[in-house]
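Undergrad: Data file final_29.tsv (TSV, C-alpha atoms) is appended below.
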chain	number	residue	atom	x	y	z
A	14	MET	CA	-89.83	22.11	-13.21
A	15	MET	CA	-89.37	21.32	-9.53
A	16	TYR	CA	-87.01	24.29	-9.42
A	17	TYR	CA	-89.69	26.67	-10.64
A	18	ILE	CA	-92.30	25.38	-8.19
A	19	GLU	CA	-89.82	25.86	-5.36
A	20	GLN	CA	-89.05	29.40	-6.48
A	21	THR	CA	-92.71	30.29	-6.92
A	22	VAL	CA	-93.69	29.13	-3.45
A	23	THR	CA	-90.74	30.67	-1.63
A	24	SER	CA	-91.00	34.02	-3.41
A	25	PHE	CA	-94.70	34.19	-2.59
A	26	ILE	CA	-94.10	33.47	1.10
A	27	ALA	CA	-91.14	35.85	1.30
A	28	SER	CA	-93.06	38.76	-0.25
A	29	ALA	CA	-96.12	38.20	1.92
A	30	ALA	CA	-93.89	38.00	5.01
A	31	PHE	CA	-92.35	41.31	4.01
A	32	GLY	CA	-95.81	42.79	3.72
A	33	MET	CA	-96.37	41.76	7.31
A	34	ILE	CA	-93.07	43.25	8.49
A	35	PHE	CA	-94.12	46.54	6.88
A	36	ASN	CA	-97.54	46.39	8.59
A	37	ALA	CA	-99.54	45.98	5.40
A	38	PRO	CA	-103.28	45.56	6.04
A	39	ARG	CA	-104.22	41.92	6.54
A	40	LYS	CA	-106.42	41.78	3.44
A	41	ALA	CA	-103.62	43.06	1.22
A	42	LEU	CA	-101.09	40.35	2.15
A	43	TRP	CA	-102.18	37.95	-0.61
A	44	GLN	CA	-101.74	40.64	-3.22
A	45	CYS	CA	-98.34	41.59	-1.80
A	46	GLY	CA	-97.21	38.00	-2.15
A	47	LEU	CA	-98.63	37.71	-5.64
A	48	ALA	CA	-96.86	40.85	-6.89
A	49	GLY	CA	-93.55	39.66	-5.47
A	50	MET	CA	-94.02	36.16	-6.85
A	51	VAL	CA	-94.73	37.29	-10.41
A	52	GLY	CA	-91.76	39.68	-10.35
A	53	TRP	CA	-89.31	37.08	-9.06
A	54	VAL	CA	-90.41	34.20	-11.29
A	55	LEU	CA	-90.23	36.49	-14.30
A	56	TYR	CA	-86.75	37.57	-13.23
A	57	ILE	CA	-85.32	34.05	-12.99
A	58	TRP	CA	-87.16	32.83	-16.10
A	59	LEU	CA	-85.79	35.69	-18.21
A	60	GLN	CA	-82.30	34.87	-17.00
A	61	ASP	CA	-82.81	31.20	-17.86
A	62	ILE	CA	-83.69	31.98	-21.46
A	63	GLY	CA	-80.48	33.95	-21.77
A	64	ILE	CA	-81.43	37.54	-21.09
A	65	GLN	CA	-78.99	39.79	-19.25
A	66	LYS	CA	-79.44	40.32	-15.53
A	67	LEU	CA	-79.91	44.06	-15.93
A	68	ALA	CA	-82.61	43.75	-18.57
A	69	ALA	CA	-84.37	41.07	-16.51
A	70	THR	CA	-84.37	43.41	-13.51
A	71	VAL	CA	-85.92	46.23	-15.53
A	72	VAL	CA	-88.69	43.98	-16.83
A	73	ALA	CA	-89.38	42.43	-13.42
A	74	ALA	CA	-89.51	45.80	-11.64
A	75	TYR	CA	-91.81	47.10	-14.38
A	76	CYS	CA	-94.18	44.17	-13.99
A	77	VAL	CA	-94.25	44.35	-10.20
A	78	THR	CA	-95.21	48.00	-10.33
A	79	MET	CA	-97.82	47.48	-13.06
A	80	ILE	CA	-99.45	44.69	-11.04
A	81	SER	CA	-99.37	46.94	-7.99
A	82	TYR	CA	-101.09	49.71	-9.95
A	83	PHE	CA	-103.78	47.27	-10.93
A	84	PHE	CA	-104.32	46.13	-7.33
A	85	ALA	CA	-104.19	49.73	-6.09
A	86	LYS	CA	-107.00	50.65	-8.47
A	87	LYS	CA	-109.04	47.58	-7.71
A	88	TYR	CA	-108.82	47.66	-3.91
A	89	ARG	CA	-108.57	51.47	-3.56
A	90	LYS	CA	-105.40	51.38	-1.54
A	91	PRO	CA	-102.16	53.37	-2.00
A	92	ILE	CA	-99.86	51.70	-4.50
A	93	ILE	CA	-96.89	51.33	-2.17
A	94	VAL	CA	-98.86	48.87	-0.05
A	95	PHE	CA	-98.39	46.36	-2.86
A	96	SER	CA	-95.23	47.42	-4.62
A	97	VAL	CA	-92.72	47.59	-1.74
A	98	SER	CA	-92.67	43.95	-0.80
A	99	GLY	CA	-92.58	42.98	-4.48
A	100	ILE	CA	-89.52	45.08	-5.24
A	101	ILE	CA	-87.50	43.77	-2.26
A	102	PRO	CA	-86.38	40.45	-3.83
A	103	LEU	CA	-84.89	42.36	-6.78
A	104	VAL	CA	-82.66	44.51	-4.57
A	105	PRO	CA	-79.05	43.47	-5.31
A	106	GLY	CA	-78.19	42.43	-1.76
A	107	GLY	CA	-75.86	39.66	-2.86
A	108	LEU	CA	-73.72	41.94	-4.97
A	109	ALA	CA	-73.52	44.56	-2.25
A	110	TYR	CA	-72.42	41.81	0.12
A	111	ASP	CA	-69.74	40.66	-2.32
A	112	ALA	CA	-68.46	44.20	-2.56
A	113	MET	CA	-68.29	44.53	1.21
A	114	ARG	CA	-66.58	41.20	1.68
A	115	SER	CA	-63.97	41.96	-0.96
A	116	ALA	CA	-63.27	45.29	0.68
A	117	VAL	CA	-62.70	43.56	4.00
A	118	GLU	CA	-60.36	41.10	2.36
A	119	ASN	CA	-58.34	43.99	0.90
A	120	GLN	CA	-59.33	43.14	-2.67
A	121	TYR	CA	-60.38	46.62	-3.61
A	122	ASP	CA	-60.50	46.09	-7.37
A	123	GLN	CA	-63.00	43.27	-6.85
A	124	ALA	CA	-64.96	45.41	-4.37
A	125	VAL	CA	-65.27	48.32	-6.79
A	126	GLN	CA	-66.35	45.95	-9.55
A	127	SER	CA	-69.14	44.33	-7.49
A	128	GLY	CA	-70.16	47.71	-6.16
A	129	ALA	CA	-70.51	49.11	-9.66
A	130	VAL	CA	-72.67	46.16	-10.74
A	131	ALA	CA	-74.85	46.59	-7.65
A	132	PHE	CA	-75.23	50.26	-8.49
A	133	MET	CA	-76.25	49.42	-12.05
A	134	MET	CA	-78.83	46.95	-10.74
A	135	SER	CA	-80.36	49.62	-8.52
A	136	GLY	CA	-80.46	51.84	-11.58
A	137	ALA	CA	-82.28	49.07	-13.45
A	138	ILE	CA	-84.92	48.89	-10.70
A	139	ALA	CA	-85.30	52.67	-10.93
A	140	LEU	CA	-85.73	52.42	-14.69
A	141	GLY	CA	-88.41	49.77	-14.27
A	142	LEU	CA	-90.30	51.94	-11.78
A	143	LEU	CA	-89.98	54.96	-14.06
A	144	LEU	CA	-91.27	53.09	-17.12
A	145	SER	CA	-94.32	51.84	-15.28
A	146	GLU	CA	-95.02	55.32	-13.97
A	147	VAL	CA	-94.90	56.63	-17.53
A	148	THR	CA	-97.14	53.83	-18.79
A	149	ASN	CA	-99.63	54.53	-16.05
A	150	GLN	CA	-99.75	58.22	-16.84
A	151	VAL	CA	-100.25	57.51	-20.52
A	152	ILE	CA	-103.15	55.17	-19.70
A	153	ARG	CA	-104.67	57.82	-17.44
A	154	LYS	CA	-104.37	60.47	-20.17
A	155	ILE	CA	-106.00	58.24	-22.75
A	156	ARG	CA	-108.87	57.44	-20.40
A	157	ALA	CA	-109.35	61.12	-19.53
A	158	ASN	CA	-109.45	62.02	-23.22
A	159	LYS	CA	-111.99	59.32	-23.96
A	160	SER	CA	-114.37	60.34	-21.22
A	161	SER	CA	-114.25	64.04	-22.05
B	8	MET	CA	-114.41	86.91	10.92
B	9	GLU	CA	-113.52	85.27	14.22
B	10	ASP	CA	-115.52	82.20	13.33
B	11	SER	CA	-113.98	81.72	9.94
B	12	LEU	CA	-110.54	82.13	11.46
B	13	ARG	CA	-111.25	79.45	14.01
B	14	GLU	CA	-112.53	77.13	11.33
B	15	GLU	CA	-109.47	77.78	9.24
B	16	ARG	CA	-107.29	76.84	12.16
B	17	GLU	CA	-109.21	73.59	12.63
B	18	ILE	CA	-108.84	72.68	8.98
B	19	MET	CA	-105.15	73.42	9.22
B	20	LYS	CA	-104.86	71.07	12.19
B	21	VAL	CA	-106.60	68.23	10.36
B	22	CYS	CA	-104.44	68.65	7.26
B	23	LEU	CA	-101.21	68.79	9.20
B	24	LEU	CA	-102.02	65.76	11.33
B	25	ALA	CA	-102.96	63.75	8.25
B	26	GLY	CA	-99.72	64.76	6.57
B	27	GLN	CA	-97.69	64.00	9.64
B	28	ILE	CA	-99.09	60.48	10.06
B	29	MET	CA	-98.50	59.67	6.41
B	30	LEU	CA	-94.97	61.03	6.36
B	31	GLN	CA	-94.05	59.19	9.55
B	32	SER	CA	-95.40	55.95	8.14
B	33	GLY	CA	-93.31	56.21	4.99
B	34	ALA	CA	-95.68	57.45	2.29
B	35	GLU	CA	-94.36	59.02	-0.92
B	36	THR	CA	-94.10	62.81	-0.80
B	37	TYR	CA	-96.48	63.46	-3.66
B	38	ARG	CA	-99.17	61.35	-2.01
B	39	VAL	CA	-98.88	63.28	1.25
B	40	GLU	CA	-99.12	66.60	-0.59
B	41	ASP	CA	-102.06	65.38	-2.60
B	42	THR	CA	-103.91	64.16	0.48
B	43	MET	CA	-103.42	67.42	2.36
B	44	MET	CA	-104.58	69.54	-0.57
B	45	ARG	CA	-107.60	67.33	-1.10
B	46	ILE	CA	-108.68	67.55	2.51
B	47	ALA	CA	-108.28	71.33	2.48
B	48	SER	CA	-110.21	71.77	-0.74
B	49	SER	CA	-113.06	69.56	0.39
B	50	TYR	CA	-113.47	71.89	3.37
B	51	GLY	CA	-113.64	74.81	0.99
B	52	ILE	CA	-110.08	76.10	0.93
B	53	ASP	CA	-108.72	75.90	-2.58
B	54	HIS	CA	-105.45	77.75	-2.51
B	55	THR	CA	-102.99	75.78	-0.43
B	56	HIS	CA	-99.29	75.17	-0.67
B	57	SER	CA	-97.36	72.45	1.00
B	58	TYR	CA	-93.68	71.76	1.07
B	59	MET	CA	-92.21	68.76	2.77
B	60	THR	CA	-88.98	67.00	3.35
B	61	PRO	CA	-88.66	63.75	5.30
B	62	THR	CA	-87.94	65.81	8.41
B	63	GLY	CA	-90.70	68.41	8.33
B	64	ILE	CA	-93.89	69.75	6.73
B	65	ILE	CA	-94.66	73.37	5.90
B	66	PHE	CA	-98.29	73.95	5.04
B	67	SER	CA	-99.87	77.23	4.16
B	68	LEU	CA	-103.41	78.38	3.38
B	69	GLU	CA	-104.03	81.52	1.36
B	70	ASP	CA	-107.60	82.54	1.92
B	71	PRO	CA	-109.60	83.78	3.74
B	72	GLN	CA	-106.50	84.80	5.68
B	73	PRO	CA	-102.93	83.77	4.96
B	74	MET	CA	-101.72	81.25	7.54
B	75	THR	CA	-98.67	79.03	7.61
B	76	ARG	CA	-97.58	76.35	10.01
B	77	LEU	CA	-94.64	74.04	10.35
B	78	ASN	CA	-94.58	70.50	11.73
B	79	ARG	CA	-91.36	68.79	12.61
B	80	ILE	CA	-91.02	65.06	11.89
B	81	THR	CA	-88.43	63.25	13.93
B	82	GLU	CA	-89.34	59.60	13.70
B	83	ARG	CA	-89.92	57.63	10.53
B	84	THR	CA	-91.03	54.02	10.35
B	85	THR	CA	-92.74	51.81	7.82
B	86	ASN	CA	-96.42	51.34	8.52
B	87	LEU	CA	-98.46	50.68	5.40
B	88	TYR	CA	-101.60	50.19	7.50
B	89	LYS	CA	-101.62	53.80	8.70
B	90	ILE	CA	-101.05	55.12	5.19
B	91	ASP	CA	-104.00	53.08	4.01
B	92	ARG	CA	-106.24	54.31	6.85
B	93	VAL	CA	-105.45	57.99	6.23
B	94	ASN	CA	-105.96	57.45	2.51
B	95	THR	CA	-109.41	55.95	3.13
B	96	LEU	CA	-110.24	58.78	5.51
B	97	SER	CA	-109.31	61.45	2.98
B	98	ARG	CA	-111.50	59.72	0.42
B	99	LYS	CA	-114.38	59.83	2.87
B	100	ILE	CA	-113.76	63.51	3.60
B	101	SER	CA	-113.72	64.48	-0.05
B	102	GLN	CA	-117.04	62.72	-0.56
B	103	GLY	CA	-118.35	65.14	2.03
B	104	GLY	CA	-119.24	62.62	4.69
B	105	MET	CA	-117.35	64.06	7.65
B	106	THR	CA	-117.20	67.18	9.76
B	107	ILE	CA	-113.88	68.70	10.75
B	108	GLY	CA	-114.21	67.53	14.36
B	109	GLU	CA	-114.97	63.93	13.37
B	110	ALA	CA	-112.06	63.85	10.98
B	111	TYR	CA	-109.68	65.17	13.59
B	112	ARG	CA	-110.80	62.62	16.18
B	113	GLU	CA	-110.41	59.76	13.76
B	114	LEU	CA	-106.94	60.98	12.75
B	115	GLN	CA	-105.92	61.09	16.40
B	116	GLU	CA	-107.13	57.54	16.79
B	117	ILE	CA	-105.12	56.43	13.74
B	118	ASP	CA	-102.09	58.23	15.12
B	119	ARG	CA	-102.37	56.34	18.41
B	120	THR	CA	-102.59	52.85	16.90
B	121	ARG	CA	-99.35	50.96	17.07
B	122	ALA	CA	-98.20	48.17	14.80
B	123	ILE	CA	-101.07	45.86	13.88
B	124	TYR	CA	-99.00	42.71	14.16
B	125	PRO	CA	-97.28	41.77	17.43
B	126	LEU	CA	-93.50	41.80	17.59
B	127	TRP	CA	-93.12	38.01	17.82
B	128	LEU	CA	-95.08	37.63	14.60
B	129	ASN	CA	-92.86	40.17	12.88
B	130	VAL	CA	-89.75	38.34	14.03
B	131	LEU	CA	-91.23	35.04	12.88
B	132	MET	CA	-92.03	36.56	9.50
B	133	ALA	CA	-88.53	37.99	9.20
B	134	ALA	CA	-87.16	34.51	9.93
B	135	LEU	CA	-89.49	32.91	7.41
B	136	ALA	CA	-88.60	35.49	4.76
B	137	SER	CA	-84.89	34.86	5.37
B	138	GLY	CA	-85.37	31.13	4.89
B	139	CYS	CA	-87.33	31.66	1.70
B	140	PHE	CA	-84.75	34.08	0.35
B	141	LEU	CA	-82.11	31.42	0.91
B	142	ILE	CA	-83.95	29.12	-1.48
B	143	MET	CA	-84.51	31.98	-3.94
B	144	PHE	CA	-80.78	32.75	-3.95
B	145	GLN	CA	-79.96	29.15	-4.94
B	146	GLY	CA	-79.16	27.89	-1.46
B	147	THR	CA	-79.73	24.32	-0.37
B	148	TRP	CA	-82.63	23.22	1.83
B	149	SER	CA	-80.21	22.12	4.56
B	150	ASP	CA	-79.33	25.77	5.10
B	151	PHE	CA	-82.98	26.78	5.49
B	152	ILE	CA	-83.07	26.56	9.30
B	153	PRO	CA	-79.71	28.32	9.85
B	154	ALA	CA	-80.84	31.21	7.64
B	155	MET	CA	-84.16	31.41	9.50
B	156	LEU	CA	-82.38	31.55	12.85
B	157	ALA	CA	-79.83	34.11	11.73
B	158	GLY	CA	-82.47	36.31	10.08
B	159	GLY	CA	-84.83	36.15	13.06
B	160	ILE	CA	-82.12	36.87	15.60
B	161	GLY	CA	-80.71	39.74	13.56
B	162	TYR	CA	-84.11	41.35	13.04
B	163	TYR	CA	-85.11	40.95	16.69
B	164	CYS	CA	-81.78	42.40	17.80
B	165	SER	CA	-82.12	45.48	15.59
B	166	VAL	CA	-85.72	46.13	16.70
B	167	LEU	CA	-84.89	45.76	20.39
B	168	LEU	CA	-81.81	47.95	20.19
B	169	HIS	CA	-83.71	50.60	18.28
B	170	ARG	CA	-86.23	50.77	21.14
B	171	LEU	CA	-83.42	51.03	23.66
B	172	ILE	CA	-81.13	53.44	21.85
B	173	PRO	CA	-82.85	55.64	19.27
B	174	VAL	CA	-79.91	55.68	16.86
B	175	LYS	CA	-81.04	53.87	13.73
B	176	PHE	CA	-77.56	53.42	12.34
B	177	PHE	CA	-76.35	51.62	15.43
B	178	ALA	CA	-79.39	49.32	15.63
B	179	GLU	CA	-78.94	48.22	12.03
B	180	PHE	CA	-75.21	47.85	12.47
B	181	SER	CA	-75.68	45.56	15.47
B	182	GLY	CA	-78.44	43.58	13.78
B	183	ALA	CA	-76.20	42.95	10.80
B	184	SER	CA	-73.24	42.02	12.99
B	185	MET	CA	-75.43	39.52	14.86
B	186	ILE	CA	-76.33	37.95	11.53
B	187	GLY	CA	-72.68	37.83	10.58
B	188	LEU	CA	-71.78	36.25	13.90
B	189	CYS	CA	-74.55	33.65	13.65
B	190	ALA	CA	-73.57	32.72	10.10
B	191	VAL	CA	-69.90	32.41	10.97
B	192	LEU	CA	-70.62	30.27	14.03
B	193	PHE	CA	-73.15	28.06	12.23
B	194	VAL	CA	-70.69	27.32	9.45
B	195	LYS	CA	-67.81	26.80	11.83
B	196	TYR	CA	-69.69	24.17	13.85
B	197	GLY	CA	-71.11	22.44	10.81
B	198	PHE	CA	-74.71	23.56	11.32
B	199	GLY	CA	-74.79	25.42	8.00
B	200	GLN	CA	-72.79	25.09	4.80
B	201	ALA	CA	-72.78	28.18	2.61
B	202	ARG	CA	-71.88	31.16	4.77
B	203	ASP	CA	-72.25	33.79	2.07
B	204	ILE	CA	-75.76	32.80	1.02
B	205	ILE	CA	-76.91	32.53	4.64
B	206	VAL	CA	-75.70	36.07	5.31
B	207	ILE	CA	-77.22	37.55	2.16
B	208	SER	CA	-80.64	36.04	2.75
B	209	SER	CA	-80.75	36.82	6.48
B	210	VAL	CA	-79.86	40.44	5.86
B	211	MET	CA	-82.85	40.98	3.55
B	212	PRO	CA	-85.35	41.93	6.33
B	213	LEU	CA	-83.08	44.84	7.26
B	214	VAL	CA	-82.73	46.14	3.70
B	215	PRO	CA	-84.35	49.58	3.32
B	216	GLY	CA	-86.67	48.57	0.49
B	217	LEU	CA	-89.32	51.19	1.11
B	218	LEU	CA	-86.76	53.98	1.24
B	219	ILE	CA	-85.18	52.92	-2.02
B	220	THR	CA	-88.45	52.76	-3.96
B	221	ASN	CA	-89.72	55.97	-2.39
B	222	ALA	CA	-86.51	57.84	-3.11
B	223	ILE	CA	-86.76	56.91	-6.76
B	224	ARG	CA	-90.44	57.77	-7.01
B	225	ASP	CA	-89.93	61.12	-5.28
B	226	LEU	CA	-87.07	62.05	-7.56
B	227	MET	CA	-89.13	61.13	-10.62
B	228	ALA	CA	-92.07	63.19	-9.36
B	229	GLY	CA	-89.82	66.24	-9.00
B	230	HIS	CA	-89.54	66.30	-5.22
B	231	LEU	CA	-85.80	66.67	-5.41
B	232	VAL	CA	-85.07	67.50	-1.79
B	233	SER	CA	-87.04	64.64	-0.28
B	234	GLY	CA	-85.88	62.22	-2.97
B	235	LEU	CA	-82.24	62.97	-2.30
B	236	SER	CA	-82.59	62.84	1.47
B	237	LYS	CA	-84.45	59.54	1.35
B	238	GLY	CA	-81.74	58.25	-0.94
B	239	ALA	CA	-79.16	59.37	1.60
B	240	GLU	CA	-81.05	57.58	4.37
B	241	ALA	CA	-81.20	54.40	2.29
B	242	PHE	CA	-77.49	54.68	1.60
B	243	ILE	CA	-76.65	55.13	5.27
B	244	THR	CA	-78.77	52.12	6.19
B	245	SER	CA	-77.14	49.95	3.54
B	246	PHE	CA	-73.78	51.14	4.72
B	247	ALA	CA	-74.65	50.24	8.32
B	248	ILE	CA	-75.67	46.73	7.26
B	249	GLY	CA	-72.57	46.29	5.15
B	250	ALA	CA	-70.31	47.59	7.89
B	251	GLY	CA	-71.89	45.23	10.44
B	252	ILE	CA	-71.31	42.23	8.22
B	253	ALA	CA	-67.80	43.33	7.28
B	254	PHE	CA	-66.98	43.90	10.95
B	255	MET	CA	-67.83	40.29	11.80
B	256	LEU	CA	-66.16	38.79	8.76
B	257	SER	CA	-62.95	40.65	9.48
B	258	PHE	CA	-62.49	38.67	12.70
B	259	GLN	CA	-62.12	35.38	10.93
Represent the structure of the file as structure tokens.
TA:
Amino acid sequence: MMYYIEQTVTSFIASAAFGMIFNAPRKALWQCGLAGMVGWVLYIWLQDIGIQKLAATVVAAYCVTMISYFFAKKYRKPIIVFSVSGIIPLVPGGLAYDAMRSAVENQYDQAVQSGAVAFMMSGAIALGLLLSEVTNQVIRKIRANKSS
Amino acid sequence: MEDSLREEREIMKVCLLAGQIMLQSGAETYRVEDTMMRIASSYGIDHTHSYMTPTGIIFSLEDPQPMTRLNRITERTTNLYKIDRVNTLSRKISQGGMTIGEAYRELQEIDRTRAIYPLWLNVLMAALASGCFLIMFQGTWSDFIPAMLAGGIGYYCSVLLHRLIPVKFFAEFSGASMIGLCAVLFVKYGFGQARDIIVISSVMPLVPGLLITNAIRDLMAGHLVSGLSKGAEAFITSFAIGAGIAFMLSFQ
């Protein structure tokens, strides 16, 4: 339990800090942190209950973007204000680092392996973004049909 | 005829400046296009075409007289505040609350504003984010301060160098090598324990997160040229970071 509290707090602070580095408007910082926090906690929780890393990334990226859509609608700001800092924790920096380090140590088979996994993880983030885009467009279509 | 031409030129100026600010601040391509078309149509010009890549905007009006202009974009940063301001402005314009002159003056004012947070705060935030990432990546609390220091120093170094020498690749490379150096030294003198985790978490503030998400979104929206070039920029940045780290580690 302590572990989850720790992760929740740190992911919130990290995402909000990223919002600040990217010059997000002051009022949007809370929402930036919240989006990042939900995405990250979901990501580690899904892995804890035995779901593959790739699938967890897709779900987390999807949720971050959906939350950002919600905030974007509510506060009338562009969506990237909220989504960027939320996506950052999911970027496979560790794997890319492993790949680089192996390459330096002349272990090229290991480097290619880590690099391929990092590439797949980026693809998973892309898939998550794509799915939320599709969901959002479907919602918009349904609403437009209802009102007409 | 003369009057309408002059007005057309003014509208063109407003649209292009709005587009330029957004593109320089790192907005998605489709949002920039959308904003420019909206501004033009709320001033009564309905047939417009815009084409943009991360390095330039071509905007063209069809009636009353065909007119096309090109704006070159050389510098790209991440400034969500400016994107938000221009977005709000375009909303105001399409509600009909602004003349062309007012809009242009306000855009110029937005263009002039610099970062809303001072540099020391940004560096502090980069340090804080690095420390928090260390915990998120299963590090121990005793490595919190080393990661903060390494992350802050690396970020500060890359920002300073970028101001001095406008070659982005080199600034990121040096920032990453500073982080590598700090991590190696910290571990060597017993200040930190897990070198790998310290490096990974300190490098996070340099990671091109906005470029990656934007590249994907642009590609999905069918802006193939800008999507691919943003992807290339993200790749180069990642490569610079990786090379900087690898450079330092290879000295061990």
Undergrad: Work out how far CA of Met255 (chain B) is from CA of Ala116 (chain A), in Å to one decimal.
TA: 13.0 Å
Undergrad: Given the choices A:Thr70, A:Thr78, A:Gln65, A:Gln126, which gets closest to chain B if the distance is worked out from all atoms listed in the file?
TA: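 Using all atoms listed in the file, the shortest distance to chain B belongs to A:Thr78.
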Undergrad: Do you know which residues are at most 12 Å from Leu59 (chain A) counting all atoms listed in the file, after dropping those on the same chain fewer than 3 positions away, and could you put them as a list in words?
TA: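 The residues that qualify are Val51, Gly52, Trp53, Val54, Leu55, Tyr56, Ile62, Gly63, Ile64, Gln65, Lys66, Leu67, Ala68, Ala69, Thr70, Val71, Val72 and Ala73 of chain A.
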Undergrad: Select residues of chain B: the criterion is any atom within 9 Å of an atom of chain A, counting all atoms listed in the file; output as a VMD selection string.
TA: chain B and resid 34 to 35 38 84 to 92 94 to 95 122 to 124 128 to 133 135 to 140 142 to 144 203 to 204 206 to 208 210 to 212 214 to 217 219 to 221 223 to 224 227 245 249 to 250 252 to 254 256 to 257
Undergrad: What's the 12 Å shell around Asp70 (chain B), counting only C-alpha atoms, without same-chain residues fewer than 3 positions away, as number ranges by chain?
TA: B: 11-12, 14-16, 19, 47-48, 51-56, 67, 73-75
